[in-house]
>>> print(open('work-v3.csv').read())   # CSV, C-alpha atoms and all ligand atoms
chain,number,residue,atom,x,y,z
A,1,MET,CA,-24.8,-11.4,-15.8
A,2,ARG,CA,-25.1,-7.6,-15.6
A,3,CYS,CA,-25.5,-5.0,-12.9
A,4,ALA,CA,-27.1,-2.6,-15.4
A,5,SER,CA,-26.9,-2.2,-19.1
A,6,GLY,CA,-23.3,-1.9,-20.1
A,7,ILE,CA,-22.0,-2.9,-16.6
A,8,GLU,CA,-21.1,-6.5,-16.3
A,9,ALA,CA,-21.1,-8.2,-12.9
A,10,ARG,CA,-17.4,-8.5,-11.9
A,11,GLN,CA,-16.4,-12.1,-11.0
A,12,VAL,CA,-12.7,-12.2,-10.8
A,13,ASP,CA,-11.7,-13.3,-7.3
A,14,GLU,CA,-14.7,-15.6,-7.2
A,15,LEU,CA,-13.6,-17.5,-10.3
A,16,ALA,CA,-9.8,-17.5,-10.2
A,17,ILE,CA,-6.7,-17.3,-8.1
A,18,ASN,CA,-5.9,-13.6,-8.4
A,19,ILE,CA,-2.2,-12.8,-8.0
A,20,ASP,CA,-2.5,-9.1,-9.1
A,21,PRO,CA,0.1,-7.3,-7.1
A,22,ILE,CA,-2.2,-4.4,-6.1
A,23,GLN,CA,-5.4,-6.3,-5.6
A,24,ALA,CA,-4.6,-9.2,-3.2
A,25,GLY,CA,-4.7,-7.3,0.1
A,26,GLY,CA,-7.7,-5.2,-0.8
A,27,ARG,CA,-10.2,-8.0,-1.5
A,28,LEU,CA,-13.2,-7.4,0.7
A,29,THR,CA,-14.2,-9.7,3.6
A,30,GLY,CA,-17.7,-11.1,3.6
A,31,ASP,CA,-18.6,-8.7,6.4
A,32,ALA,CA,-17.3,-5.7,4.4
A,33,MET,CA,-19.5,-6.8,1.5
A,34,LYS,CA,-22.6,-6.9,3.7
A,35,ALA,CA,-21.8,-3.5,5.3
A,36,VAL,CA,-21.2,-1.9,1.9
A,37,ILE,CA,-24.6,-3.0,0.6
A,38,ALA,CA,-26.3,-1.6,3.8
A,39,TYR,CA,-24.4,1.7,3.6
A,40,GLY,CA,-24.4,2.2,-0.2
A,41,ASP,CA,-26.3,5.5,-0.1
A,42,GLY,CA,-24.4,8.8,-0.3
A,43,TYR,CA,-23.8,10.3,3.2
A,44,SER,CA,-25.1,7.1,4.9
A,45,VAL,CA,-22.8,7.3,7.9
A,46,CYS,CA,-24.2,10.8,8.7
A,47,ASP,CA,-27.6,9.7,10.1
A,48,ASN,CA,-26.5,10.2,13.7
A,49,CYS,CA,-24.0,13.0,13.3
A,50,ARG,CA,-24.4,15.4,16.2
A,51,LYS,CA,-22.4,18.4,17.4
A,52,PRO,CA,-19.5,19.0,17.1
A,53,ASN,CA,-20.2,17.6,13.6
A,54,ARG,CA,-17.2,15.8,12.4
A,55,LEU,CA,-16.9,12.3,11.0
A,56,ASP,CA,-14.5,11.0,13.6
A,57,TYR,CA,-16.9,12.0,16.4
A,58,ILE,CA,-19.9,9.9,15.2
A,59,ASN,CA,-20.8,7.2,17.7
A,60,LYS,CA,-23.5,5.4,15.7
A,61,PRO,CA,-22.2,3.5,13.8
A,62,PRO,CA,-19.1,3.3,16.1
A,63,ILE,CA,-16.8,5.5,14.0
A,64,ALA,CA,-15.2,7.4,16.9
A,65,GLU,CA,-14.3,4.0,18.5
A,66,PHE,CA,-12.9,2.8,15.2
A,67,HIS,CA,-10.5,5.8,15.1
A,68,LYS,CA,-9.3,5.1,18.6
A,69,ASP,CA,-8.9,1.4,17.9
A,70,VAL,CA,-6.8,2.0,14.8
A,71,ALA,CA,-4.6,4.5,16.6
A,72,GLY,CA,-4.0,1.9,19.4
A,73,TRP,CA,-3.4,-0.9,16.9
A,74,LEU,CA,-0.7,1.1,15.2
A,75,ASN,CA,0.7,2.4,18.5
A,76,MET,CA,0.1,6.0,17.4
A,77,ASP,CA,-1.9,8.8,19.1
A,78,ALA,CA,-4.3,10.1,16.5
A,79,VAL,CA,-5.9,8.7,13.4
A,80,ARG,CA,-8.0,10.0,10.5
A,81,THR,CA,-9.4,8.1,7.6
A,82,VAL,CA,-8.4,9.4,4.1
A,83,PRO,CA,-9.4,8.6,0.6
A,84,GLY,CA,-6.3,6.5,-0.2
A,85,ALA,CA,-2.8,6.6,1.1
A,86,ARG,CA,-2.0,9.3,-1.5
A,87,ARG,CA,-4.4,11.7,0.2
A,88,GLY,CA,-2.6,11.1,3.5
A,89,PHE,CA,0.7,11.9,1.7
A,90,GLN,CA,-0.9,15.1,0.4
A,91,ALA,CA,-2.1,16.3,3.8
A,92,VAL,CA,1.3,15.8,5.4
A,93,ALA,CA,3.1,17.3,2.4
A,94,HIS,CA,0.9,20.4,2.3
A,95,THR,CA,1.5,20.9,6.0
A,96,PHE,CA,5.3,20.7,6.0
A,97,ILE,CA,6.5,21.6,2.6
A,98,ARG,CA,6.9,25.2,1.3
A,99,LYS,CA,7.9,26.2,-2.2
A,100,GLY,CA,11.5,25.0,-3.0
A,101,ASP,CA,11.9,22.9,0.1
A,102,PRO,CA,14.0,19.7,-0.3
A,103,VAL,CA,12.0,16.6,0.5
A,104,LEU,CA,13.5,13.1,1.0
A,105,LEU,CA,12.0,10.0,-0.6
A,106,THR,CA,13.7,7.0,-2.2
A,107,SER,CA,14.6,5.6,-5.6
A,108,LEU,CA,11.9,3.0,-5.0
A,109,SER,CA,9.2,5.5,-4.0
A,110,HIS,CA,5.7,5.3,-5.4
A,111,TYR,CA,4.6,8.0,-7.9
A,112,THR,CA,2.0,9.3,-5.5
A,113,GLU,CA,4.7,10.4,-3.1
A,114,PHE,CA,6.3,12.4,-5.9
A,115,LEU,CA,3.0,14.0,-6.8
A,116,ALA,CA,2.4,14.9,-3.2
A,117,ILE,CA,5.7,16.7,-3.1
A,118,GLU,CA,5.0,18.3,-6.5
A,119,GLY,CA,1.7,19.6,-5.3
A,120,ALA,CA,3.4,21.4,-2.4
A,121,GLU,CA,6.1,22.7,-4.7
A,122,GLY,CA,8.9,20.8,-3.0
A,123,ILE,CA,11.9,19.3,-4.6
A,124,ALA,CA,12.2,15.5,-4.7
A,125,CYS,CA,15.5,14.2,-3.3
A,126,GLU,CA,15.8,10.4,-3.7
A,127,ILE,CA,17.9,8.2,-1.4
A,128,PRO,CA,19.4,5.7,-3.9
A,129,ALA,CA,18.8,2.0,-3.3
A,130,ASP,CA,21.9,-0.3,-3.1
A,131,ASP,CA,22.8,-3.0,-5.6
A,132,HIS,CA,20.3,-5.3,-3.8
A,133,HIS,CA,17.5,-2.8,-4.2
A,134,ILE,CA,17.5,-1.9,-0.5
A,135,ILE,CA,17.4,1.5,1.0
A,136,THR,CA,19.8,1.7,4.0
A,137,PRO,CA,20.2,4.2,6.9
A,138,ASP,CA,23.8,4.9,5.6
A,139,ALA,CA,22.4,5.9,2.2
A,140,ALA,CA,19.9,8.1,3.9
A,141,ALA,CA,22.7,9.9,5.9
A,142,VAL,CA,24.8,10.4,2.8
A,143,LYS,CA,21.8,11.8,0.9
A,144,ILE,CA,20.9,14.2,3.7
A,145,GLU,CA,24.5,15.5,3.8
A,146,GLU,CA,24.4,15.9,0.0
A,147,VAL,CA,21.1,17.9,0.1
A,148,LYS,CA,22.5,20.1,2.9
A,149,LYS,CA,25.6,20.9,0.9
A,150,GLN,CA,23.6,21.7,-2.2
A,151,SER,CA,20.7,23.6,-0.8
A,152,GLY,CA,22.1,24.8,2.5
A,153,ARG,CA,19.5,23.0,4.6
A,154,ALA,CA,18.2,19.6,5.5
A,155,PRO,CA,15.1,18.1,3.9
A,156,VAL,CA,11.9,19.2,5.6
A,157,LEU,CA,10.2,15.8,5.5
A,158,ALA,CA,11.1,12.1,4.6
A,159,PHE,CA,8.8,9.6,2.8
A,160,ILE,CA,10.0,6.1,3.5
A,161,ASP,CA,8.3,3.0,2.2
A,162,HIS,CA,8.6,0.0,4.5
A,163,VAL,CA,7.9,-2.4,1.7
A,164,ASP,CA,8.4,-0.9,-1.8
A,165,TYR,CA,6.0,-1.5,-4.7
A,166,GLN,CA,8.7,-2.5,-7.2
A,167,TYR,CA,10.5,-5.4,-5.5
A,168,GLY,CA,8.4,-5.9,-2.4
A,169,ASN,CA,11.6,-5.6,-0.4
A,170,MET,CA,11.6,-4.6,3.2
A,171,HIS,CA,13.6,-1.5,4.2
A,172,ASP,CA,15.0,-0.6,7.6
A,173,VAL,CA,12.6,2.2,8.4
A,174,LYS,CA,13.6,2.2,12.1
A,175,GLY,CA,17.3,2.8,11.2
A,176,ILE,CA,16.4,5.4,8.5
A,177,ALA,CA,14.1,7.3,10.9
A,178,LYS,CA,16.8,7.4,13.5
A,179,VAL,CA,19.1,9.1,11.0
A,180,CYS,CA,16.4,11.5,9.8
A,181,HIS,CA,15.7,12.5,13.4
A,182,GLN,CA,19.3,13.5,14.0
A,183,TYR,CA,18.6,16.2,11.4
A,184,ASP,CA,15.1,16.9,12.9
A,185,ILE,CA,13.4,15.6,9.7
A,186,PRO,CA,9.9,14.2,10.4
A,187,VAL,CA,9.4,10.7,9.0
A,188,LEU,CA,6.4,9.5,7.1
A,189,TYR,CA,6.1,5.8,7.1
A,190,ASN,CA,4.4,4.5,3.9
A,191,GLY,CA,2.6,1.4,4.9
A,192,ALA,CA,0.6,0.9,1.7
A,193,TYR,CA,1.9,-2.7,1.6
A,194,THR,CA,2.2,-3.4,5.3
A,195,VAL,CA,-0.7,-1.8,7.3
A,196,GLY,CA,-3.3,-4.5,7.3
A,197,ILE,CA,-0.9,-7.1,6.2
A,198,MET,CA,1.6,-7.5,9.0
A,199,PRO,CA,1.9,-5.9,12.5
A,200,VAL,CA,3.0,-2.2,12.4
A,201,ASN,CA,4.1,-0.4,15.5
A,202,GLY,CA,4.6,3.3,14.8
A,203,LYS,CA,6.3,4.2,18.1
A,204,ASP,CA,8.6,1.2,18.0
A,205,LEU,CA,9.6,2.2,14.4
A,206,GLY,CA,10.1,5.7,15.7
A,207,VAL,CA,8.2,7.4,12.9
A,208,ASP,CA,6.0,10.5,13.0
A,209,PHE,CA,3.3,9.4,10.5
A,210,VAL,CA,2.0,6.0,9.6
A,211,ILE,CA,0.0,5.8,6.4
A,212,GLY,CA,-2.0,2.8,5.2
A,213,SER,CA,-4.1,2.1,2.2
A,214,GLY,CA,-7.5,0.6,2.8
A,215,HIS,CA,-8.0,-0.7,-0.7
A,216,LYS,CA,-4.5,-2.1,-1.1
A,217,SER,CA,-4.0,-3.7,2.2
A,218,MET,CA,-7.0,-3.5,4.6
A,219,ALA,CA,-9.7,-5.5,2.7
A,220,SER,CA,-11.6,-2.2,2.1
A,221,PRO,CA,-13.4,-0.5,-0.8
A,222,ALA,CA,-11.6,2.3,-2.7
A,223,PRO,CA,-10.7,5.0,-2.1
A,224,SER,CA,-9.8,4.5,1.5
A,225,GLY,CA,-6.8,4.7,3.8
A,226,ILE,CA,-5.6,5.9,7.2
A,227,LEU,CA,-3.3,8.6,8.4
A,228,ALA,CA,-1.9,8.2,11.9
A,229,THR,CA,0.4,10.5,13.8
A,230,THR,CA,1.7,11.5,17.2
A,231,THR,CA,0.1,14.0,19.5
A,232,GLU,CA,2.9,16.4,18.6
A,233,TYR,CA,2.3,16.3,14.9
A,234,ALA,CA,-1.5,15.9,15.1
A,235,ALA,CA,-1.6,19.5,16.3
A,236,GLU,CA,-0.1,20.5,12.9
A,237,VAL,CA,-1.6,18.2,10.4
A,238,PHE,CA,-5.0,18.0,12.1
A,239,ARG,CA,-5.1,21.7,13.0
A,240,THR,CA,-8.7,23.1,12.9
A,241,THR,CA,-10.0,25.8,10.6
A,242,ALA,CA,-9.4,29.5,11.4
A,243,ILE,CA,-11.2,31.1,8.4
A,244,THR,CA,-14.1,33.5,8.7
A,245,GLY,CA,-16.5,34.7,6.0
A,246,ASP,CA,-16.3,38.4,5.4
A,247,VAL,CA,-20.1,38.9,4.8
A,248,THR,CA,-21.6,36.2,7.1
A,249,HIS,CA,-18.8,36.1,9.6
A,250,ARG,CA,-19.2,32.4,9.7
A,251,LYS,CA,-16.7,30.1,11.3
A,252,PHE,CA,-16.4,26.3,10.9
A,253,GLY,CA,-15.7,25.0,14.3
A,254,ILE,CA,-13.5,21.9,14.5
A,255,LYS,CA,-13.3,21.1,10.8
A,256,GLU,CA,-9.8,20.3,9.7
A,257,PRO,CA,-8.6,22.0,6.5
A,258,GLU,CA,-6.2,19.2,5.5
A,259,MET,CA,-9.1,16.7,5.8
A,260,MET,CA,-11.5,19.1,4.0
A,261,GLY,CA,-13.8,18.7,7.1
A,262,CYS,CA,-15.0,15.1,6.7
A,263,THR,CA,-13.4,12.4,4.7
A,264,LEU,CA,-14.9,8.9,4.1
A,265,MET,CA,-18.7,9.3,4.4
A,266,GLY,CA,-20.2,6.0,3.4
A,267,VAL,CA,-19.2,2.7,1.8
A,268,THR,CA,-15.5,3.3,2.2
A,269,LEU,CA,-15.5,3.9,5.9
A,270,ILE,CA,-18.1,1.2,6.7
A,271,GLY,CA,-16.1,-1.2,4.6
A,272,MET,CA,-12.9,-0.5,6.5
A,273,MET,CA,-14.7,-0.8,9.8
A,274,ALA,CA,-16.4,-4.1,8.9
A,275,SER,CA,-13.1,-5.6,7.8
A,276,PHE,CA,-11.1,-4.3,10.7
A,277,PRO,CA,-11.6,-7.2,13.2
A,278,HIS,CA,-10.5,-9.6,10.4
A,279,VAL,CA,-7.6,-7.4,9.5
A,280,LYS,CA,-6.4,-7.2,13.1
A,281,GLU,CA,-6.5,-11.0,13.2
A,282,ARG,CA,-4.8,-11.7,9.9
A,283,VAL,CA,-1.7,-9.6,10.5
A,284,LYS,CA,-0.8,-12.0,13.3
A,285,HIS,CA,-0.5,-14.8,10.7
A,286,PHE,CA,1.7,-13.3,8.1
A,287,ASP,CA,4.1,-16.2,8.6
A,288,ARG,CA,1.6,-18.4,6.8
A,289,GLU,CA,1.5,-16.0,3.9
A,290,LEU,CA,5.3,-16.1,3.6
A,291,GLU,CA,5.2,-19.9,3.7
A,292,ASN,CA,2.7,-19.9,0.8
A,293,ASN,CA,4.8,-17.4,-1.1
A,294,ARG,CA,7.8,-19.7,-0.6
A,295,ILE,CA,5.9,-22.5,-2.2
A,296,VAL,CA,5.1,-20.4,-5.2
A,297,VAL,CA,8.6,-19.0,-5.5
A,298,ASP,CA,10.1,-22.5,-5.4
A,299,GLY,CA,7.7,-23.5,-8.1
A,300,LEU,CA,8.9,-20.7,-10.3
A,301,LEU,CA,12.5,-21.2,-9.6
A,302,ALA,CA,12.1,-24.9,-10.6
A,303,VAL,CA,11.6,-23.6,-14.2
A,304,GLU,CA,14.9,-23.4,-15.9
A,305,ARG,CA,16.6,-20.0,-16.0
A,306,THR,CA,14.0,-18.3,-14.0
A,307,LYS,CA,15.1,-15.7,-11.5
A,308,ILE,CA,13.5,-13.9,-8.5
A,309,LEU,CA,14.6,-10.2,-8.5
A,310,SER,CA,13.2,-9.5,-5.0
A,311,GLU,CA,15.3,-10.1,-1.9
A,312,MET,CA,15.6,-13.7,-0.8
A,313,PRO,CA,14.3,-15.2,1.5
A,314,ARG,CA,11.1,-13.2,0.9
A,315,LYS,CA,9.9,-10.9,3.7
A,316,HIS,CA,6.7,-10.0,1.8
A,317,THR,CA,4.3,-11.7,-0.5
A,318,LEU,CA,4.7,-9.1,-3.3
A,319,THR,CA,7.5,-10.6,-5.5
A,320,ARG,CA,9.2,-9.6,-8.8
A,321,ALA,CA,10.1,-12.4,-11.2
A,322,ASP,CA,12.5,-12.4,-14.2
A,323,THR,CA,11.5,-15.0,-16.8
A,324,ILE,CA,13.5,-13.5,-19.7
A,325,GLY,CA,15.5,-16.8,-19.9
A,326,SER,CA,12.4,-19.0,-19.7
A,327,PHE,CA,8.8,-17.9,-20.5
A,328,ASP,CA,10.1,-15.0,-22.6
A,329,ARG,CA,12.1,-17.3,-24.8
A,330,VAL,CA,8.9,-19.2,-25.6
A,331,ALA,CA,7.2,-16.0,-26.6
A,332,GLU,CA,9.7,-15.4,-29.4
A,333,THR,CA,8.2,-18.2,-31.5
A,334,HIS,CA,4.8,-18.7,-30.0
A,335,LYS,CA,1.9,-17.8,-32.3
A,336,LYS,CA,0.3,-15.8,-29.4
A,337,ARG,CA,3.6,-14.2,-28.7
A,338,GLY,CA,3.9,-13.0,-25.1
A,339,PHE,CA,0.2,-13.4,-24.6
A,340,TYR,CA,0.4,-17.1,-24.4
A,341,PHE,CA,1.7,-16.9,-20.8
A,342,SER,CA,-1.1,-14.9,-19.3
A,343,SER,CA,-3.7,-16.8,-21.4
A,344,ALA,CA,-2.3,-20.2,-20.3
A,345,LEU,CA,-2.6,-19.0,-16.7
A,346,GLU,CA,-6.1,-17.8,-17.2
A,347,GLU,CA,-7.1,-21.1,-18.7
A,348,LYS,CA,-5.8,-22.8,-15.6
A,349,GLY,CA,-7.7,-20.4,-13.3
A,350,VAL,CA,-5.0,-17.9,-12.5
A,351,THR,CA,-5.5,-14.2,-13.1
A,352,GLY,CA,-3.7,-11.0,-12.4
A,353,VAL,CA,-0.5,-11.3,-14.5
A,354,ILE,CA,-0.3,-8.4,-17.0
A,355,PRO,CA,-1.3,-9.8,-20.5
A,356,GLY,CA,1.7,-10.0,-22.7
A,357,ALA,CA,4.3,-9.8,-19.8
A,358,THR,CA,6.9,-12.5,-20.0
A,359,LYS,CA,10.1,-10.7,-19.1
A,360,VAL,CA,9.9,-9.0,-15.7
A,361,TRP,CA,6.6,-9.1,-13.8
A,362,LYS,CA,5.2,-9.0,-10.3
A,363,PHE,CA,2.8,-11.2,-8.4
A,364,ASN,CA,1.3,-11.2,-4.9
A,365,THR,CA,0.4,-14.5,-3.2
A,366,TYR,CA,-1.3,-12.7,-0.3
A,367,GLY,CA,-4.5,-14.3,0.9
A,368,MET,CA,-4.3,-17.6,-0.9
A,369,THR,CA,-4.6,-21.0,0.8
A,370,GLN,CA,-1.7,-23.4,0.9
A,371,LYS,CA,-3.6,-25.6,-1.5
A,372,GLN,CA,-3.9,-22.7,-4.0
A,373,ALA,CA,-0.2,-22.0,-3.5
A,374,ARG,CA,0.7,-25.6,-4.4
A,375,TYR,CA,-1.6,-25.5,-7.4
A,376,LEU,CA,0.0,-22.2,-8.6
A,377,ALA,CA,3.5,-23.6,-8.2
A,378,ASP,CA,2.5,-26.7,-10.2
A,379,THR,CA,0.8,-24.5,-12.8
A,380,PHE,CA,4.0,-22.6,-13.6
A,381,GLY,CA,5.8,-25.9,-14.0
A,382,GLU,CA,3.0,-27.3,-16.3
A,383,ILE,CA,3.0,-24.2,-18.5
A,384,ALA,CA,6.8,-24.4,-18.7
A,385,GLN,CA,6.7,-28.1,-19.8
A,386,GLU,CA,3.9,-27.6,-22.2
A,387,ASN,CA,6.1,-25.1,-24.0
A,388,GLY,CA,9.3,-27.1,-24.1
A,389,LEU,CA,11.0,-25.7,-21.0
A,390,THR,CA,12.3,-27.9,-18.3
A,391,ALA,CA,10.9,-27.7,-14.8
A,392,SER,CA,12.4,-29.8,-12.1
A,393,LYS,CA,9.9,-31.2,-9.6
B,1,LIG,C1,-0.4,1.6,-3.9
B,1,LIG,C2,0.7,2.4,-3.2
B,1,LIG,C3,0.4,3.8,-2.9
B,1,LIG,C4,-0.9,4.4,-3.2
B,1,LIG,O1,-1.9,4.0,-2.4
B,1,LIG,P1,-3.4,4.5,-2.5
B,1,LIG,O2,-4.1,4.1,-1.3
B,1,LIG,O3,-4.0,4.0,-3.8
B,1,LIG,O4,-3.3,6.0,-2.6
B,1,LIG,C5,1.4,4.5,-2.3
B,1,LIG,N1,2.6,4.0,-2.1
B,1,LIG,C6,2.9,2.7,-2.3
B,1,LIG,C7,4.2,2.2,-2.0
B,1,LIG,C8,1.9,1.9,-3.0
B,1,LIG,O5,2.3,0.6,-3.3
>>> encode(input="work-v3.csv", output="structure tokens", more="lines below")
Ligand SMILES: *Cc1c(COP(=O)(O)O)cnc(C)c1O
Amino acid sequence: MRCASGIEARQVDELAINIDPIQAGGRLTGDAMKAVIAYGDGYSVCDNCRKPNRLDYINKPPIAEFHKDVAGWLNMDAVRTVPGARRGFQAVAHTFIRKGDPVLLTSLSHYTEFLAIEGAEGIACEIPADDHHIITPDAAAVKIEEVKKQSGRAPVLAFIDHVDYQYGNMHDVKGIAKVCHQYDIPVLYNGAYTVGIMPVNGKDLGVDFVIGSGHKSMASPAPSGILATTTEYAAEVFRTTAITGDVTHRKFGIKEPEMMGCTLMGVTLIGMMASFPHVKERVKHFDRELENNRIVVDGLLAVERTKILSEMPRKHTLTRADTIGSFDRVAETHKKRGFYFSSALEEKGVTGVIPGATKVWKFNTYGMTQKQARYLADTFGEIAQENGLTASK
């Protein structure tokens, strides 16, 4: 089946259990799919844009209301939509960082946080993770003191991931934010793996910015995301334009330079809005997701010499496995080498494991049913046994 010549219809999540770490939370809801088809045209949400002409003021469809709802849901004061979490990082970085400024992030930070700092010509200062791959408030304090000693001043901003992309470990953002605030460092909460997955309360965490990724964790099309902040910091990041043309003397009203005026103007925004009621509901049931994850993790651990590198018990469905002693040993002599593993999974209806990976790899069980979790656990055991490994039941 084709959409057009050269473009095949994509049927991945329809035909298989998809455990791709970055795709599980972004799968569209049925409502988002419908909304996306209706609003596929270019500037489709702009039909009823009236003065003062800015995306977040549009009432039909209810975009203004959506902005208020998201702010309330995250317990923050102001929200804008952004084309991906990374564009949220960029807006905040550009507002606070000047050339040569030290900026705090962590040894588990995502590359987009580094690039946001680079774009603003800041210096990346990583809080190291401990032996258990956890970023602690104590390590943050030590790092800040170190930076102060070296550069004569505290970092100007801190990027802290609540759940990191490498291990899916959960870090004490609340404790780290408290430490940062003792040095007057504003804290950006990176919720790429949490906003839309589990409840997030910005004021309770004591953070100054909450950033979420629509396409990673809010069942939304790419590129989409949200940037939320407090009234205090909204005045800075969401400041309005002050520029004037020297010939025409034009001004541009309430457009915000960090947002380049308007942000998500069609499919992306409508997709987020259509999924939002479902997302609000699903975050209340994260315990079920963890239960499914436990079933899958137990299935993997039943395979001899298999390890889980993420913290245990799991606090998130994104999980890092080490199968060097098990599935990778098979790869040494298998005629398909490492590719046997992903191809055996594919044959059994499981997709999303990097082809060829048998050593250290990640998976995300988010969104599957308990029946699928049981099936996946059994499937790992079956593949093990078919290849001469033992798997206890
Ligand atoms: C995926 C991810 C991002 C980037 O999110 P986008 O919405 O694609 O920009 C940033 N940080 C972390 C921790 C991530 O996992």
>>> residues_near_ligand(input="work-v3.csv", ligand="ligand LIG 1 (chain B)", cutoff="7 Å", atoms="all atoms listed in the file", output="ChimeraX atom specification")
/A:22,84-87,109-110,112-113,161,163-165,190,192-193,212-216,223-225
>>> atom_distance(input="work-v3.csv", atom1="CA of Val147 (chain A)", atom2="CA of Ile211 (chain A)")
25.1 Å
>>> axis_aligned_box(input="work-v3.csv", around="region 182-199 of chain A", padding_each_side="6 Å", output="JSON")
{"center_x": 8.0, "center_y": 4.7, "center_z": 7.8, "size_x": 34.6, "size_y": 36.4, "size_z": 24.4}
>>> closest_residue(input="work-v3.csv", among="A:Gln372, A:Phe327, A:Leu290, A:Arg50", to="Ala344 (chain A)", atoms="all atoms listed in the file")
A:Phe327
>>> atom_distance(input="work-v3.csv", atom1="CA of Lys315 (chain A)", atom2="CA of Ile19 (chain A)")
16.9 Å
>>> closest_residue(input="work-v3.csv", among="A:Ala140, A:Ala93, A:Met1, A:Gly168", to="Gln182 (chain A)", atoms="all atoms listed in the file")
A:Ala140
>>> residues_around(input="work-v3.csv", residues="Ser343 (chain A)", least_positions_apart="5", cutoff="10 Å", atoms="all atoms listed in the file", output="ChimeraX atom specification")
/A:336,338,348-351,353,355-356
